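Q: Enclosed is the structure file entry.pdb (PDB, C-alpha atoms (C1' of nucleotides)).
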ATOM      1  CA  MET A 773     -67.898 -40.436  50.605
ATOM      2  CA  GLN A 774     -64.514 -41.218  52.075
ATOM      3  CA  PRO A 775     -61.429 -39.725  50.419
ATOM      4  CA  THR A 776     -59.430 -41.735  47.883
ATOM      5  CA  SER A 777     -57.077 -42.855  50.601
ATOM      6  CA  SER A 778     -59.709 -45.188  51.960
ATOM      7  CA  THR A 779     -60.595 -46.568  48.546
ATOM      8  CA  PHE A 780     -56.979 -47.177  47.655
ATOM      9  CA  ARG A 781     -56.286 -48.795  50.995
ATOM     10  CA  GLN A 782     -59.037 -51.213  50.224
ATOM     11  CA  LEU A 783     -57.701 -51.857  46.745
ATOM     12  CA  CYS A 784     -54.312 -52.694  48.209
ATOM     13  CA  ALA A 785     -55.846 -54.989  50.779
ATOM     14  CA  GLU A 786     -57.722 -56.839  48.067
ATOM     15  CA  HIS A 787     -54.484 -57.487  46.226
ATOM     16  CA  GLY A 788     -52.330 -58.193  49.224
ATOM     17  CA  LEU A 789     -50.271 -55.033  48.892
ATOM     18  CA  ALA A 790     -49.175 -52.749  51.664
ATOM     19  CA  MET A 791     -50.649 -49.273  51.466
ATOM     20  CA  THR A 792     -47.747 -46.841  51.166
ATOM     21  CA  HIS A 793     -47.684 -43.157  50.423
ATOM     22  CA  GLN A 794     -45.599 -43.656  47.263
ATOM     23  CA  ARG A 795     -47.920 -46.345  46.014
ATOM     24  CA  GLN A 796     -50.971 -44.215  46.537
ATOM     25  CA  VAL A 797     -49.574 -41.157  44.793
ATOM     26  CA  LEU A 798     -48.363 -43.342  41.948
ATOM     27  CA  TYR A 799     -51.797 -44.832  41.564
ATOM     28  CA  GLU A 800     -53.534 -41.483  41.598
ATOM     29  CA  VAL A 801     -51.122 -39.942  39.137
ATOM     30  CA  MET A 802     -51.557 -42.859  36.777
ATOM     31  CA  GLN A 803     -55.323 -42.634  37.036
ATOM     32  CA  GLY A 804     -55.049 -39.042  35.921
ATOM     33  CA  MET A 805     -52.971 -39.809  32.842
ATOM     34  CA  GLU A 806     -54.203 -40.552  29.355
ATOM     35  CA  GLY A 807     -52.878 -42.567  26.448
ATOM     36  CA  HIS A 808     -49.989 -44.940  26.894
ATOM     37  CA  PRO A 809     -47.402 -43.498  29.262
ATOM     38  CA  SER A 810     -43.969 -45.013  29.763
ATOM     39  CA  PRO A 811     -42.542 -45.628  33.225
ATOM     40  CA  GLU A 812     -40.295 -42.592  32.778
ATOM     41  CA  GLU A 813     -43.285 -40.396  32.037
ATOM     42  CA  VAL A 814     -45.092 -41.665  35.091
ATOM     43  CA  TYR A 815     -41.954 -41.159  37.158
ATOM     44  CA  ALA A 816     -41.653 -37.536  36.038
ATOM     45  CA  LYS A 817     -45.221 -36.799  37.120
ATOM     46  CA  VAL A 818     -44.998 -38.615  40.419
ATOM     47  CA  LYS A 819     -41.745 -36.900  41.275
ATOM     48  CA  LYS A 820     -43.531 -33.555  41.356
ATOM     49  CA  LYS A 821     -45.600 -34.790  44.267
ATOM     50  CA  VAL A 822     -43.047 -37.062  45.925
ATOM     51  CA  PRO A 823     -39.646 -35.648  44.950
ATOM     52  CA  ALA A 824     -37.700 -38.314  46.807
ATOM     53  CA  ILE A 825     -39.320 -41.237  45.020
ATOM     54  CA  SER A 826     -37.002 -43.631  43.258
ATOM     55  CA  LEU A 827     -37.375 -44.733  39.672
ATOM     56  CA  ALA A 828     -37.016 -48.311  40.876
ATOM     57  CA  THR A 829     -40.077 -47.871  43.055
ATOM     58  CA  VAL A 830     -42.049 -46.679  40.075
ATOM     59  CA  TYR A 831     -41.001 -49.680  38.014
ATOM     60  CA  LYS A 832     -41.676 -52.118  40.817
ATOM     61  CA  ASN A 833     -45.116 -50.759  41.493
ATOM     62  CA  ILE A 834     -46.145 -50.554  37.871
ATOM     63  CA  HIS A 835     -45.289 -54.229  37.687
ATOM     64  CA  LEU A 836     -47.311 -54.976  40.762
ATOM     65  CA  PHE A 837     -50.266 -53.014  39.450
ATOM     66  CA  VAL A 838     -50.129 -54.868  36.178
ATOM     67  CA  GLU A 839     -49.771 -58.260  37.850
ATOM     68  CA  SER A 840     -52.700 -57.438  40.104
ATOM     69  CA  GLY A 841     -54.805 -56.463  37.142
ATOM     70  CA  ILE A 842     -55.194 -52.896  38.379
ATOM     71  CA  PHE A 843     -53.672 -51.625  35.138
ATOM     72  CA  ARG A 844     -52.977 -53.327  31.850
ATOM     73  CA  LYS A 845     -49.841 -53.397  29.774
ATOM     74  CA  MET A 846     -50.316 -52.126  26.267
ATOM     75  CA  SER A 847     -48.424 -54.812  24.416
ATOM     76  CA  VAL A 848     -47.800 -58.364  25.442
ATOM     77  CA  HIS A 849     -44.770 -58.695  23.205
ATOM     78  CA  HIS A 850     -41.096 -59.284  23.755
ATOM     79  CA  GLY A 851     -38.739 -56.659  25.092
ATOM     80  CA  SER A 852     -36.612 -56.926  21.960
ATOM     81  CA  VAL A 853     -37.175 -56.404  18.272
ATOM     82  CA  ARG A 854     -38.640 -59.391  16.492
ATOM     83  CA  VAL A 855     -38.717 -60.039  12.791
ATOM     84  CA  GLU A 856     -41.643 -61.710  11.119
ATOM     85  CA  MET A 857     -40.577 -64.775   9.167
ATOM     86  CA  ASN A 858     -44.003 -65.854   7.991
ATOM     87  CA  SER A 859     -44.729 -63.973   4.805
ATOM     88  CA  GLU A 860     -48.316 -65.210   4.563
ATOM     89  CA  GLU A 861     -51.063 -62.955   5.827
ATOM     90  CA  HIS A 862     -51.440 -63.948   9.430
ATOM     91  CA  HIS A 863     -51.964 -62.813  13.005
ATOM     92  CA  HIS A 864     -50.746 -63.945  16.418
ATOM     93  CA  MET A 865     -52.013 -66.000  19.297
ATOM     94  CA  VAL A 866     -50.247 -64.946  22.466
ATOM     95  CA  CYS A 867     -50.462 -67.168  25.517
ATOM     96  CA  SER A 868     -51.052 -65.054  28.594
ATOM     97  CA  LYS A 869     -49.420 -67.699  30.778
ATOM     98  CA  CYS A 870     -46.293 -68.924  28.980
ATOM     99  CA  LYS A 871     -46.051 -65.898  26.637
ATOM    100  CA  SER A 872     -45.555 -68.123  23.600
ATOM    101  CA  ILE A 873     -46.534 -66.645  20.271
ATOM    102  CA  THR A 874     -48.045 -68.741  17.500
ATOM    103  CA  ASP A 875     -49.104 -67.645  14.070
ATOM    104  CA  ILE A 876     -52.666 -68.010  12.908
ATOM    105  CA  GLY A 877     -53.682 -67.588   9.298
ATOM    106  CA  GLU A 878     -55.896 -64.727   8.278
ATOM    107  CA  LYS A 879     -58.683 -67.118   7.321
ATOM    108  CA  ASP A 880     -58.464 -69.334  10.398
ATOM    109  CA  LEU A 881     -59.020 -66.267  12.542
ATOM    110  CA  GLY A 882     -62.147 -65.318  10.669
ATOM    111  CA  LEU A 883     -62.145 -61.570  11.196
ATOM    112  CA  SER A 884     -64.354 -59.870   8.685
ATOM    113  CA  PRO A 885     -64.646 -56.081   8.637
ATOM    114  CA  ARG A 886     -61.655 -54.656   6.756
ATOM    115  CA  ARG A 887     -62.794 -51.123   6.502
ATOM    116  CA  ARG A 888     -60.505 -48.931   4.493
ATOM    117  CA  ARG A 889     -61.208 -45.758   6.395
ATOM    118  CA  LEU A 890     -62.174 -45.385  10.017
ATOM    119  CA  ALA A 891     -64.385 -42.908  11.783
ATOM    120  CA  ASP A 892     -61.923 -40.078  12.359
ATOM    121  CA  GLY A 893     -60.280 -40.291   8.932
ATOM    122  CA  PHE A 894     -57.599 -42.840   9.705
ATOM    123  CA  LEU A 895     -56.599 -44.609   6.492
ATOM    124  CA  VAL A 896     -56.180 -48.351   7.019
ATOM    125  CA  GLU A 897     -53.226 -50.189   5.530
ATOM    126  CA  ARG A 898     -53.596 -53.436   7.407
ATOM    127  CA  TYR A 899     -54.834 -55.041  10.590
ATOM    128  CA  ALA A 900     -52.549 -56.775  13.067
ATOM    129  CA  VAL A 901     -54.471 -58.881  15.539
ATOM    130  CA  ASP A 902     -53.149 -60.416  18.727
ATOM    131  CA  VAL A 903     -55.433 -63.019  20.156
ATOM    132  CA  ILE A 904     -54.643 -63.220  23.838
ATOM    133  CA  GLY A 905     -55.595 -66.334  25.719
ATOM    134  CA  LEU A 906     -54.345 -69.747  26.758
ATOM    135  CA  CYS A 907     -52.429 -72.075  24.490
ATOM    136  CA  PRO A 908     -53.372 -75.767  24.566
ATOM    137  CA  LYS A 909     -50.473 -76.617  26.879
ATOM    138  CA  CYS A 910     -51.322 -73.999  29.483
ATOM    139  CA  GLN A 911     -55.029 -74.638  29.733
TER
ATOM    140  CA  MET B 564     -31.521 -71.532 -12.669
ATOM    141  CA  GLN B 565     -28.777 -69.380 -11.250
ATOM    142  CA  PRO B 566     -27.777 -69.861  -7.597
ATOM    143  CA  THR B 567     -29.272 -67.698  -4.884
ATOM    144  CA  SER B 568     -26.379 -65.294  -5.205
ATOM    145  CA  SER B 569     -27.787 -63.927  -8.412
ATOM    146  CA  THR B 570     -31.272 -63.553  -7.003
ATOM    147  CA  PHE B 571     -30.027 -61.751  -3.950
ATOM    148  CA  ARG B 572     -27.803 -59.502  -6.021
ATOM    149  CA  GLN B 573     -30.872 -58.454  -7.907
ATOM    150  CA  LEU B 574     -32.821 -57.894  -4.710
ATOM    151  CA  CYS B 575     -30.074 -55.615  -3.435
ATOM    152  CA  ALA B 576     -29.955 -53.710  -6.684
ATOM    153  CA  GLU B 577     -33.702 -53.149  -6.533
ATOM    154  CA  HIS B 578     -33.363 -51.607  -3.087
ATOM    155  CA  GLY B 579     -30.171 -49.680  -3.679
ATOM    156  CA  LEU B 580     -28.055 -51.852  -1.397
ATOM    157  CA  ALA B 581     -24.583 -53.118  -2.087
ATOM    158  CA  MET B 582     -24.319 -56.868  -2.368
ATOM    159  CA  THR B 583     -21.969 -58.031   0.368
ATOM    160  CA  HIS B 584     -21.135 -61.481   1.607
ATOM    161  CA  GLN B 585     -22.367 -60.742   5.119
ATOM    162  CA  ARG B 586     -25.592 -59.336   3.805
ATOM    163  CA  GLN B 587     -26.235 -62.345   1.651
ATOM    164  CA  VAL B 588     -25.587 -64.891   4.389
ATOM    165  CA  LEU B 589     -27.738 -62.874   6.772
ATOM    166  CA  TYR B 590     -30.558 -62.863   4.284
ATOM    167  CA  GLU B 591     -30.319 -66.576   3.620
ATOM    168  CA  VAL B 592     -30.150 -67.451   7.292
ATOM    169  CA  MET B 593     -33.175 -65.314   8.024
ATOM    170  CA  GLN B 594     -35.097 -66.883   5.185
ATOM    171  CA  GLY B 595     -34.445 -70.256   6.773
ATOM    172  CA  MET B 596     -35.739 -69.243  10.187
ATOM    173  CA  GLU B 597     -39.255 -69.567  11.496
ATOM    174  CA  GLY B 598     -41.340 -67.711  14.005
ATOM    175  CA  HIS B 599     -40.195 -64.368  15.371
ATOM    176  CA  PRO B 600     -36.447 -64.347  15.945
ATOM    177  CA  SER B 601     -34.634 -61.603  17.800
ATOM    178  CA  PRO B 602     -31.504 -59.935  16.415
ATOM    179  CA  GLU B 603     -29.421 -61.952  18.878
ATOM    180  CA  GLU B 604     -30.880 -65.189  17.605
ATOM    181  CA  VAL B 605     -30.188 -64.244  14.028
ATOM    182  CA  TYR B 606     -26.678 -63.192  15.005
ATOM    183  CA  ALA B 607     -25.988 -66.575  16.624
ATOM    184  CA  LYS B 608     -27.008 -68.416  13.475
ATOM    185  CA  VAL B 609     -25.162 -66.165  11.082
ATOM    186  CA  LYS B 610     -22.018 -66.375  13.172
ATOM    187  CA  LYS B 611     -21.779 -70.083  12.429
ATOM    188  CA  LYS B 612     -21.332 -69.284   8.764
ATOM    189  CA  VAL B 613     -19.461 -65.994   9.083
ATOM    190  CA  PRO B 614     -17.679 -66.140  12.446
ATOM    191  CA  ALA B 615     -16.161 -62.684  12.092
ATOM    192  CA  ILE B 616     -19.464 -60.893  11.611
ATOM    193  CA  SER B 617     -20.275 -58.124  14.043
ATOM    194  CA  LEU B 618     -23.489 -57.820  15.987
ATOM    195  CA  ALA B 619     -23.704 -54.240  14.772
ATOM    196  CA  THR B 620     -23.744 -55.438  11.189
ATOM    197  CA  VAL B 621     -26.636 -57.736  11.978
ATOM    198  CA  TYR B 622     -28.612 -54.934  13.584
ATOM    199  CA  LYS B 623     -27.872 -52.511  10.761
ATOM    200  CA  ASN B 624     -28.885 -54.957   8.072
ATOM    201  CA  ILE B 625     -32.021 -56.099   9.807
ATOM    202  CA  HIS B 626     -33.006 -52.436   9.885
ATOM    203  CA  LEU B 627     -32.212 -52.048   6.226
ATOM    204  CA  PHE B 628     -34.183 -55.152   5.331
ATOM    205  CA  VAL B 629     -37.159 -53.905   7.278
ATOM    206  CA  GLU B 630     -36.958 -50.416   5.802
ATOM    207  CA  SER B 631     -36.730 -51.920   2.330
ATOM    208  CA  GLY B 632     -39.775 -54.052   2.979
ATOM    209  CA  ILE B 633     -37.794 -57.285   2.517
ATOM    210  CA  PHE B 634     -38.800 -58.355   6.009
ATOM    211  CA  ARG B 635     -41.385 -57.049   8.414
ATOM    212  CA  LYS B 636     -41.083 -56.147  12.051
ATOM    213  CA  MET B 637     -43.418 -58.049  14.280
ATOM    214  CA  SER B 638     -44.658 -55.205  16.434
ATOM    215  CA  VAL B 639     -44.857 -51.540  15.614
ATOM    216  CA  HIS B 640     -44.810 -50.484  19.239
ATOM    217  CA  HIS B 641     -42.529 -48.450  21.442
ATOM    218  CA  GLY B 642     -39.204 -49.666  22.695
ATOM    219  CA  SER B 643     -40.365 -49.202  26.271
ATOM    220  CA  VAL B 644     -43.170 -50.565  28.387
ATOM    221  CA  ARG B 645     -46.432 -48.715  28.052
ATOM    222  CA  VAL B 646     -49.369 -48.828  30.369
ATOM    223  CA  GLU B 647     -52.911 -48.673  29.110
ATOM    224  CA  MET B 648     -54.847 -45.834  30.703
ATOM    225  CA  ASN B 649     -58.092 -46.287  28.830
ATOM    226  CA  SER B 650     -60.122 -48.831  30.738
ATOM    227  CA  GLU B 651     -62.844 -49.030  28.106
ATOM    228  CA  GLU B 652     -62.700 -51.895  25.624
ATOM    229  CA  HIS B 653     -60.688 -50.499  22.776
ATOM    230  CA  HIS B 654     -57.989 -51.115  20.194
ATOM    231  CA  HIS B 655     -55.230 -49.037  18.607
ATOM    232  CA  MET B 656     -54.640 -47.142  15.417
ATOM    233  CA  VAL B 657     -50.929 -46.908  14.746
ATOM    234  CA  CYS B 658     -49.678 -44.428  12.163
ATOM    235  CA  SER B 659     -47.005 -46.048  10.038
ATOM    236  CA  LYS B 660     -45.475 -42.654   9.305
ATOM    237  CA  CYS B 661     -45.408 -40.709  12.562
ATOM    238  CA  LYS B 662     -45.824 -43.767  14.819
ATOM    239  CA  SER B 663     -48.550 -42.081  16.841
ATOM    240  CA  ILE B 664     -50.989 -44.352  18.605
ATOM    241  CA  THR B 665     -54.650 -43.481  19.015
ATOM    242  CA  ASP B 666     -57.323 -45.459  20.740
ATOM    243  CA  ILE B 667     -60.396 -46.646  18.885
ATOM    244  CA  GLY B 668     -63.445 -48.019  20.636
ATOM    245  CA  GLU B 669     -64.426 -51.639  20.177
ATOM    246  CA  LYS B 670     -67.618 -50.609  18.436
ATOM    247  CA  ASP B 671     -66.087 -48.005  16.136
ATOM    248  CA  LEU B 672     -63.757 -50.667  14.809
ATOM    249  CA  GLY B 673     -66.621 -52.966  13.956
ATOM    250  CA  LEU B 674     -65.040 -56.358  14.503
ATOM    251  CA  SER B 675     -67.548 -59.147  14.535
ATOM    252  CA  PRO B 676     -66.539 -62.771  15.117
ATOM    253  CA  ARG B 677     -65.221 -63.177  18.655
ATOM    254  CA  ARG B 678     -64.718 -66.882  18.686
ATOM    255  CA  ARG B 679     -64.003 -68.362  22.070
ATOM    256  CA  ARG B 680     -61.857 -71.183  20.835
ATOM    257  CA  LEU B 681     -59.642 -71.285  17.785
ATOM    258  CA  ALA B 682     -58.758 -74.099  15.418
ATOM    259  CA  ASP B 683     -55.866 -75.662  17.298
ATOM    260  CA  GLY B 684     -57.446 -75.445  20.744
ATOM    261  CA  PHE B 685     -56.277 -71.982  21.724
ATOM    262  CA  LEU B 686     -58.660 -70.544  24.292
ATOM    263  CA  VAL B 687     -59.434 -66.886  23.609
ATOM    264  CA  GLU B 688     -59.457 -64.354  26.420
ATOM    265  CA  ARG B 689     -59.524 -61.203  24.336
ATOM    266  CA  TYR B 690     -58.534 -59.657  21.038
ATOM    267  CA  ALA B 691     -56.036 -56.825  20.740
ATOM    268  CA  VAL B 692     -56.163 -55.187  17.345
ATOM    269  CA  ASP B 693     -53.657 -52.758  15.905
ATOM    270  CA  VAL B 694     -54.913 -50.991  12.867
ATOM    271  CA  ILE B 695     -51.867 -49.882  10.939
ATOM    272  CA  GLY B 696     -52.224 -47.062   8.470
ATOM    273  CA  LEU B 697     -52.010 -43.304   8.114
ATOM    274  CA  CYS B 698     -53.395 -40.856  10.620
ATOM    275  CA  PRO B 699     -55.278 -37.821   9.255
ATOM    276  CA  LYS B 700     -52.222 -35.571   9.661
ATOM    277  CA  CYS B 701     -49.868 -37.846   7.729
ATOM    278  CA  GLN B 702     -52.065 -38.587   4.752
TER
ATOM    279  C1'  DC C 786      -8.309 -54.889 -15.108
ATOM    280  C1'  DT C 787      -7.261 -51.363 -12.136
ATOM    281  C1'  DA C 788      -8.040 -47.030  -9.674
ATOM    282  C1'  DT C 789     -11.225 -44.342  -7.180
ATOM    283  C1'  DT C 790     -14.774 -43.335  -4.086
ATOM    284  C1'  DG C 791     -18.573 -44.068  -1.369
ATOM    285  C1'  DA C 792     -20.637 -47.665   1.233
ATOM    286  C1'  DA C 793     -20.215 -51.458   4.463
ATOM    287  C1'  DT C 794     -17.886 -53.795   8.096
ATOM    288  C1'  DG C 795     -15.944 -54.835  12.756
ATOM    289  C1'  DA C 796     -14.667 -53.452  17.255
ATOM    290  C1'  DT C 797     -16.135 -51.141  20.799
ATOM    291  C1'  DA C 798     -17.949 -47.248  23.406
ATOM    292  C1'  DA C 799     -22.084 -45.227  24.694
ATOM    293  C1'  DC C 800     -26.857 -44.951  25.525
ATOM    294  C1'  DT C 801     -31.531 -46.466  26.953
ATOM    295  C1'  DT C 802     -34.459 -49.207  29.404
ATOM    296  C1'  DT C 803     -35.096 -52.369  32.968
ATOM    297  C1'  DT C 804     -33.811 -55.287  36.807
ATOM    298  C1'  DA C 805     -31.102 -56.641  40.890
ATOM    299  C1'  DT C 806     -28.846 -55.634  45.216
ATOM    300  C1'  DC C 807     -28.738 -54.086  49.657
ATOM    301  C1'  DG C 808     -28.858 -51.155  53.675
ATOM    302  C1'  DT C 809     -32.498 -48.316  55.725
ATOM    303  C1'  DT C 810     -37.281 -47.145  56.609
ATOM    304  C1'  DT C 811     -42.066 -48.073  56.925
ATOM    305  C1'  DT C 812     -46.258 -50.816  57.342
ATOM    306  C1'  DG C 813     -49.343 -54.224  59.285
ATOM    307  C1'  DC C 814     -50.458 -56.726  63.093
ATOM    308  C1'  DG C 815     -50.298 -58.735  67.495
TER
ATOM    309  C1'  DC D1114     -45.545 -50.243  71.362
ATOM    310  C1'  DG D1115     -42.591 -53.769  69.194
ATOM    311  C1'  DC D1116     -41.452 -57.041  65.856
ATOM    312  C1'  DA D1117     -41.259 -59.232  61.290
ATOM    313  C1'  DA D1118     -42.190 -58.664  56.666
ATOM    314  C1'  DA D1119     -42.567 -55.629  53.094
ATOM    315  C1'  DA D1120     -41.336 -51.504  50.704
ATOM    316  C1'  DC D1121     -38.232 -47.822  49.782
ATOM    317  C1'  DG D1122     -34.108 -45.232  47.800
ATOM    318  C1'  DA D1123     -29.663 -45.277  45.841
ATOM    319  C1'  DT D1124     -27.143 -47.253  42.764
ATOM    320  C1'  DA D1125     -24.832 -51.016  40.319
ATOM    321  C1'  DA D1126     -25.596 -54.122  36.766
ATOM    322  C1'  DA D1127     -27.810 -56.311  32.924
ATOM    323  C1'  DA D1128     -30.012 -56.309  28.419
ATOM    324  C1'  DG D1129     -30.878 -54.392  24.165
ATOM    325  C1'  DT D1130     -29.717 -51.102  20.791
ATOM    326  C1'  DT D1131     -27.308 -47.378  18.536
ATOM    327  C1'  DA D1132     -23.254 -44.446  17.456
ATOM    328  C1'  DT D1133     -18.428 -43.794  16.293
ATOM    329  C1'  DC D1134     -14.613 -44.450  13.563
ATOM    330  C1'  DA D1135     -10.700 -46.639  11.428
ATOM    331  C1'  DT D1136     -10.302 -50.252   8.035
ATOM    332  C1'  DT D1137     -11.955 -52.994   4.199
ATOM    333  C1'  DC D1138     -14.812 -53.898   0.336
ATOM    334  C1'  DA D1139     -17.999 -53.232  -3.700
ATOM    335  C1'  DA D1140     -19.571 -50.633  -7.658
ATOM    336  C1'  DT D1141     -18.429 -47.940 -11.349
ATOM    337  C1'  DA D1142     -15.645 -45.413 -14.769
ATOM    338  C1'  DG D1143     -11.980 -45.399 -17.412
TER
END
Represent the supplied structure as structure tokens.
A:
Amino acid sequence: MQPTSSTFRQLCAEHGLAMTHQRQVLYEVMQGMEGHPSPEEVYAKVKKKVPAISLATVYKNIHLFVESGIFRKMSVHHGSVRVEMNSEEHHHMVCSKCKSITDIGEKDLGLSPRRRRLADGFLVERYAVDVIGLCPKCQ
Amino acid sequence: MQPTSSTFRQLCAEHGLAMTHQRQVLYEVMQGMEGHPSPEEVYAKVKKKVPAISLATVYKNIHLFVESGIFRKMSVHHGSVRVEMNSEEHHHMVCSKCKSITDIGEKDLGLSPRRRRLADGFLVERYAVDVIGLCPKCQ
DNA sequence: CTATTGAATGATAACTTTTATCGTTTTGCG
DNA sequence: CGCAAAACGATAAAAGTTATCATTCAATAG
């Protein structure tokens, strides 16, 4: 089996990206991380292998990876704090194209389970569901 | 029935907040808004009624309202972009106390319905569920 | 009703996160 | 190899949020 270099080169080709050293190290470092790292956390790790890398490069490539579908962003929401004005029990429909957010009532969503305690002992207060998809306008 | 002033005075008293003019107008303006406004949007509206109000006051009071449970924040997530490293289908358990985020597998959550199209024509791509509650450590 | 005191406000500096700019370097391809 | 397009690094700038602090205001006691 060829080394990762070959695989990653192919991945880049598939997504129309140039294969650069920084990009490859970034990708490998990210693959080796767990949880939900921030760009700064990724930057810190990558810098150990490529000390001269710029934070801007990390940001730019994370964006490219996300746009290409190589990685996924954790939350689709706004970059600023938002306050919920709908006091009814409801969830959100987020359009993956225009990013619009529409409320959907608890009942209209039709999610059933509502367990009060989950497998590892987590005690449930409430569920917040984002339905990601295409709004009528963007379809 | 007494004007809103009285009601809001009572609300403040219940939460240990002083009743100020700015605070009252802010509250009323927010009550009249829909959707998921940002602090800047709230600020713009409030400024029409209290031109001298400071953006800092808006931020501080939105925080107080949220802490008091008068309003709710839309998303519980980080203030920075996070990338998802778990490529399995999963959701998140968010601790409302320590803010830690733990993954939970699609199956362990036990969500059933998975409709492909919702009431108003929204086309579903996927569901992203945040279970909000208390992690084992914080209980 | 007034005095007192702690809380709230406004102005603004500072901080954090992210994006834009731009000159230099590197990659892909002929 | 040589050229054009893309990517990089350094850094300035923008956006969003928080902190600081002098001044003003609200709650309470007298």
Q: Please determine, counting only C-alpha atoms, which residue among B:Leu618, B:Ala607, B:Cys701, B:Leu627 has the shortest atom-to-atom distance to B:Ala581.
A: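 Smallest separation from B:Ala581 among the options: B:Leu627.
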Q: If you measure from atom CA of A:Glu812 to atom CA of B:Val621, what distance in Å do you get, rounded to one decimal?
A: 29.1 Å
Q: Chain C residues within 10 Å of chain B, counting only C-alpha atoms (C1' of nucleotides): which ones, as JSON, numbers by chain?
A: {"C": [792, 793, 794, 795, 796, 801, 802, 803]}
Q: Using all atoms listed in the file, I'd like a table of the residues in chain D that come within 12 Å of chain B; for each, show the closest atom pair and its distance in Å rounded to one decimal, ordered by chain and ascending number, as JSON lines.
A:
{"residue": "D:DA1128", "atom": "C1'", "partner": "B:Glu603", "partner_atom": "CA", "distance": 11.1}
{"residue": "D:DG1129", "atom": "C1'", "partner": "B:Glu603", "partner_atom": "CA", "distance": 9.3}
{"residue": "D:DT1130", "atom": "C1'", "partner": "B:Tyr622", "partner_atom": "CA", "distance": 8.2}
{"residue": "D:DT1131", "atom": "C1'", "partner": "B:Ala619", "partner_atom": "CA", "distance": 8.6}
{"residue": "D:DA1132", "atom": "C1'", "partner": "B:Ala619", "partner_atom": "CA", "distance": 10.2}
{"residue": "D:DT1133", "atom": "C1'", "partner": "B:Ala619", "partner_atom": "CA", "distance": 11.8}
{"residue": "D:DT1137", "atom": "C1'", "partner": "B:Thr583", "partner_atom": "CA", "distance": 11.8}
{"residue": "D:DC1138", "atom": "C1'", "partner": "B:Thr583", "partner_atom": "CA", "distance": 8.3}
{"residue": "D:DA1139", "atom": "C1'", "partner": "B:Ala581", "partner_atom": "CA", "distance": 6.8}
{"residue": "D:DA1140", "atom": "C1'", "partner": "B:Ala581", "partner_atom": "CA", "distance": 7.9}
Q: So which residues get picked by the PyMOL selection byres ((chain A) within 7 of (chain B)) here, written as a VMD selection string?
A: chain A and resid 805 to 811 843 to 846 852 to 858 880 882 to 885 891 893 to 908
Q: Given the file shown, determine the residues that the PyMOL selection byres ((chain C and resi 807) around 12) selects; report them as a count of residues only.
A: 9
Q: Go ahead and compute the interatomic distance for atom CA of A:Tyr815 and atom CA of A:Lys871, in Å to one decimal.
A: 27.2 Å
Q: What does the distance from atom CA of A:Ser840 to atom CA of B:Ser663 come to in Å, to one decimal?
A: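 A separation of 28.2 Å between them.
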Q: Could you pull the residues within 12 Å of A:Gly788, counting only C-alpha atoms (C1' of nucleotides), minus those fewer than 2 positions along the same chain, as a list of chain:residue names?
A: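 Once the adjacent positions are removed, what remains is A:Arg781, A:Gln782, A:Leu783, A:Cys784, A:Ala785, A:Glu786, A:Ala790, A:Met791, A:Leu836, A:Phe837, A:Glu839, A:Ser840, C:DG813, D:DA1119.
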